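K.L.:
So that you have it, the file is model.tsv, and it contains TSV, C-alpha atoms:
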```tsv
chain	number	residue	atom	x	y	z
A	1	MET	CA	62.66	-29.96	51.16
A	2	ARG	CA	63.22	-32.26	48.20
A	3	LYS	CA	61.36	-31.55	44.96
A	4	MET	CA	59.08	-34.36	43.75
A	5	ASN	CA	60.07	-35.92	40.41
A	6	TRP	CA	56.69	-36.72	38.85
A	7	GLY	CA	58.35	-38.53	35.96
A	8	SER	CA	59.47	-41.27	38.34
A	9	LEU	CA	55.82	-42.13	39.04
A	10	LYS	CA	55.10	-42.87	35.38
A	11	PRO	CA	55.11	-46.63	34.78
A	12	SER	CA	57.23	-47.02	31.66
A	13	VAL	CA	57.89	-50.05	29.52
A	14	PRO	CA	60.13	-50.67	26.51
A	15	LYS	CA	58.47	-49.42	23.34
A	16	PRO	CA	57.86	-52.91	21.83
A	17	TRP	CA	55.73	-53.78	24.85
A	18	LEU	CA	53.19	-51.10	23.91
A	19	ALA	CA	52.22	-53.02	20.77
A	20	ALA	CA	51.93	-56.23	22.78
A	21	ILE	CA	49.82	-54.56	25.46
A	22	ALA	CA	47.58	-52.96	22.84
A	23	GLY	CA	47.19	-56.22	20.91
A	24	LEU	CA	46.39	-58.27	24.01
A	25	THR	CA	43.96	-55.67	25.32
A	26	TRP	CA	42.01	-55.35	22.07
A	27	CYS	CA	42.05	-59.10	21.52
A	28	ALA	CA	40.62	-59.66	25.02
A	29	VAL	CA	37.90	-57.06	24.45
A	30	GLY	CA	37.11	-58.57	21.04
A	31	ILE	CA	36.85	-62.07	22.51
A	32	MET	CA	34.57	-60.79	25.27
A	33	LEU	CA	32.26	-59.23	22.66
A	34	LEU	CA	32.30	-62.40	20.54
A	35	VAL	CA	31.44	-64.61	23.53
A	36	ARG	CA	28.56	-62.35	24.50
A	37	ALA	CA	27.25	-62.32	20.92
A	38	PHE	CA	27.49	-66.10	20.60
A	39	ASP	CA	25.67	-66.50	23.93
A	40	TRP	CA	22.83	-64.33	22.63
A	41	LEU	CA	22.71	-66.09	19.28
A	42	THR	CA	22.73	-69.62	20.68
A	43	ALA	CA	19.77	-68.74	22.88
A	44	MET	CA	17.71	-68.02	19.75
A	45	HIS	CA	15.81	-70.10	17.27
A	46	ASP	CA	18.14	-72.08	15.01
A	47	ALA	CA	16.63	-70.67	11.82
A	48	ILE	CA	17.97	-67.14	12.40
A	49	GLU	CA	21.06	-67.97	14.45
A	50	LEU	CA	23.33	-68.85	11.51
A	51	PRO	CA	22.33	-66.01	9.13
A	52	LEU	CA	22.73	-63.40	11.88
A	53	GLY	CA	26.05	-64.88	12.92
A	54	LEU	CA	27.34	-64.82	9.36
A	55	LEU	CA	26.11	-61.26	8.89
A	56	GLY	CA	27.99	-60.14	12.01
A	57	LEU	CA	31.18	-61.88	10.90
A	58	VAL	CA	31.00	-60.41	7.38
A	59	LEU	CA	30.39	-56.92	8.79
A	60	GLY	CA	33.32	-57.46	11.15
A	61	VAL	CA	35.68	-58.33	8.30
A	62	LEU	CA	34.47	-55.26	6.38
A	63	ALA	CA	34.97	-53.06	9.46
A	64	TYR	CA	38.48	-54.45	9.82
A	65	VAL	CA	39.37	-53.83	6.18
A	66	LEU	CA	37.81	-50.36	5.98
A	67	MET	CA	38.59	-48.91	9.43
A	68	PHE	CA	40.30	-51.03	12.08
A	69	SER	CA	43.35	-52.07	10.03
A	70	LYS	CA	44.09	-48.42	9.26
A	71	ALA	CA	43.73	-47.47	12.93
A	72	ALA	CA	46.07	-50.31	13.94
A	73	ARG	CA	48.71	-49.21	11.42
A	74	LYS	CA	48.37	-45.62	12.62
A	75	ASN	CA	48.89	-46.71	16.23
A	76	MET	CA	51.97	-48.74	15.30
A	77	ALA	CA	53.42	-45.68	13.54
A	78	ARG	CA	52.62	-43.60	16.64
A	79	PHE	CA	54.46	-46.14	18.82
A	80	ASP	CA	57.50	-45.84	16.54
A	81	SER	CA	57.67	-42.12	17.32
A	82	PHE	CA	57.94	-42.77	21.07
A	83	PRO	CA	61.24	-42.83	22.96
A	84	ALA	CA	62.84	-46.19	23.86
A	85	ARG	CA	60.68	-46.38	27.01
A	86	ALA	CA	57.13	-45.04	27.12
A	87	CYS	CA	54.30	-44.87	29.60
A	88	VAL	CA	52.38	-48.15	29.74
A	89	PHE	CA	49.11	-46.20	29.49
A	90	ALA	CA	50.16	-44.55	26.20
A	91	PHE	CA	48.97	-47.42	24.00
A	92	PRO	CA	45.77	-45.53	23.19
A	93	GLY	CA	46.18	-41.83	22.49
A	94	TRP	CA	44.28	-39.22	24.50
A	95	ARG	CA	41.45	-39.26	21.98
A	96	GLY	CA	41.44	-43.05	22.22
A	97	TYR	CA	40.56	-42.88	25.91
A	98	GLY	CA	37.53	-40.75	25.03
A	99	ILE	CA	36.45	-43.23	22.36
A	100	ILE	CA	36.91	-46.13	24.80
A	101	ALA	CA	34.76	-44.38	27.43
A	102	PHE	CA	32.08	-43.67	24.82
A	103	MET	CA	32.06	-47.26	23.55
A	104	VAL	CA	31.85	-48.72	27.07
A	105	ALA	CA	28.96	-46.39	27.91
A	106	LEU	CA	27.25	-47.18	24.61
A	107	GLY	CA	27.64	-50.92	25.17
A	108	PHE	CA	26.20	-50.64	28.67
A	109	ALA	CA	23.28	-48.53	27.45
A	110	LEU	CA	22.52	-50.90	24.56
A	111	ARG	CA	22.68	-54.03	26.73
A	112	HIS	CA	20.15	-52.47	29.10
A	113	SER	CA	17.93	-51.07	26.34
A	114	PRO	CA	14.90	-52.66	24.71
A	115	VAL	CA	16.93	-53.33	21.53
A	116	PRO	CA	16.51	-57.05	20.75
A	117	LYS	CA	19.55	-59.14	21.64
A	118	HIS	CA	19.73	-60.65	18.15
A	119	CYS	CA	20.33	-57.15	16.75
A	120	LEU	CA	22.96	-56.46	19.39
A	121	ALA	CA	24.57	-59.82	18.65
A	122	VAL	CA	25.22	-58.75	15.05
A	123	ALA	CA	26.85	-55.50	16.19
A	124	TYR	CA	28.88	-57.25	18.90
A	125	LEU	CA	30.05	-59.88	16.41
A	126	ALA	CA	31.09	-57.19	13.95
A	127	VAL	CA	33.04	-55.12	16.45
A	128	GLY	CA	34.50	-58.18	18.18
A	129	THR	CA	35.66	-59.69	14.89
A	130	ALA	CA	37.25	-56.41	13.78
A	131	LEU	CA	39.01	-55.98	17.14
A	132	VAL	CA	40.42	-59.51	17.17
A	133	MET	CA	41.61	-59.20	13.57
A	134	SER	CA	43.24	-55.81	14.14
A	135	SER	CA	44.89	-56.93	17.38
A	136	VAL	CA	47.06	-59.34	15.42
```
Mind turning this structure into structure tokens?
P.N.:
Amino acid sequence: MRKMNWGSLKPSVPKPWLAAIAGLTWCAVGIMLLVRAFDWLTAMHDAIELPLGLLGLVLGVLAYVLMFSKAARKNMARFDSFPARACVFAFPGWRGYGIIAFMVALGFALRHSPVPKHCLAVAYLAVGTALVMSSV
């Protein structure tokens, strides 16, 4: 009986592709959050739409500068330590998968909570802006 080589089941890509996959993934998620936030904001009264939108964008730039840019640089350094070919699913680390699951669950819970959509729009704009900026 032939022994199974589990390594052959791992979908690997050249190391530079990991950065592209990560960037495209986070950019897509950021755009999704921005679209949802803009949908919520445009359904509101014009008097609060612009100030809330600007607040979300400013918070997003701050989040990028203070947190997301550092995380992106850390991930790029982590990619550099990988061999020439790495598993396609390695673009987030193990802890990253836990954070992703938590954020998805939190987003679902907040969308279905009584929290007003204009408050959620600010948070979605902030996170979406930071994600799009850091994906570059």
K.L.:
Rank nothing, just name the residue among A:Leu33, A:Ile21, A:Ala90, A:Ala43 nearest to Gly60 (chain A), using only C-alpha atoms.
P.N.:
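For Gly60 (chain A), the nearest of the given residues is A:Leu33.
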K.L.:
Expressed in Å to a single decimal, how great is the separation between CA of Val13 (chain A) and CA of Phe82 (chain A)?
P.N.:
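We find that CA of Val13 (chain A) and CA of Phe82 (chain A) lie 11.2 Å from each other.
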K.L.:
Give me the residues within 10 Å of region 76-78 of chain A as a PyMOL selection string, counting all atoms listed in the file and dropping any in the same chain fewer than 2 places off.
P.N.:
chain A and resi 16+18-19+22+70-74+80-82+90-93
K.L.:
When you count all atoms listed in the file, which of these residues is closest to Phe38 (chain A): A:Met133, A:Tyr97, A:Arg111, A:Gly128?
P.N.:
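When distances to Phe38 (chain A) are compared using all atoms listed in the file, the smallest one comes from A:Gly128.
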K.L.:
Restricting the calculation to all atoms listed in the file, which member of A:Leu24, A:Ala105, A:Ala37, A:Cys87 is positioned closest to Leu54 (chain A)?
P.N.:
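Distance minimum relative to Leu54 (chain A) lands on A:Ala37.
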K.L.:
Just give me the gap between CA of Tyr124 (chain A) and CA of Met32 (chain A) in Å, one decimal is fine.
P.N.:
9.2 Å
K.L.:
Which one of A:Leu50, A:Met44, A:Leu110, A:Val136 sits closest to Trp26 (chain A) if you count only C-alpha atoms?
P.N.:
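Of the candidates, the smallest distance to Trp26 (chain A) is held by A:Val136.
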K.L.:
Neighbours of Val122 (chain A) within 7 Å (all atoms listed in the file; same-chain residues fewer than 2 positions away dropped), as a list in words?
P.N.:
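Once the nearby chain positions are removed, what remains is Leu52, Gly53, Leu55, Gly56, His118, Cys119, Leu120, Tyr124, Leu125 and Ala126 of chain A.
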K.L.:
One decimal, Å: what's the distance from CA of Glu49 (chain A) over to CA of Ala28 (chain A), could you say?
P.N.:
23.7 Å
K.L.:
Find the residues around Thr129 (chain A) up to 10 Å (all atoms listed in the file counted), leave out those fewer than 4 positions away in its own chain, and share them as a count of residues only.
P.N.:
20
K.L.:
Taking into account all atoms listed in the file, which residue in the set A:Val29, A:Trp17, A:Arg85, A:Ile48 is nearest to Val104 (chain A)?
P.N.:
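When distances to Val104 (chain A) are compared using all atoms listed in the file, the smallest one comes from A:Val29.
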K.L.:
Using only C-alpha atoms, which of the listed residues (A:Ala101, A:Val88, A:Val132, A:Leu41) sits closest to Phe68 (chain A)?
P.N.:
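For Phe68 (chain A), the nearest of the candidates is A:Val132.
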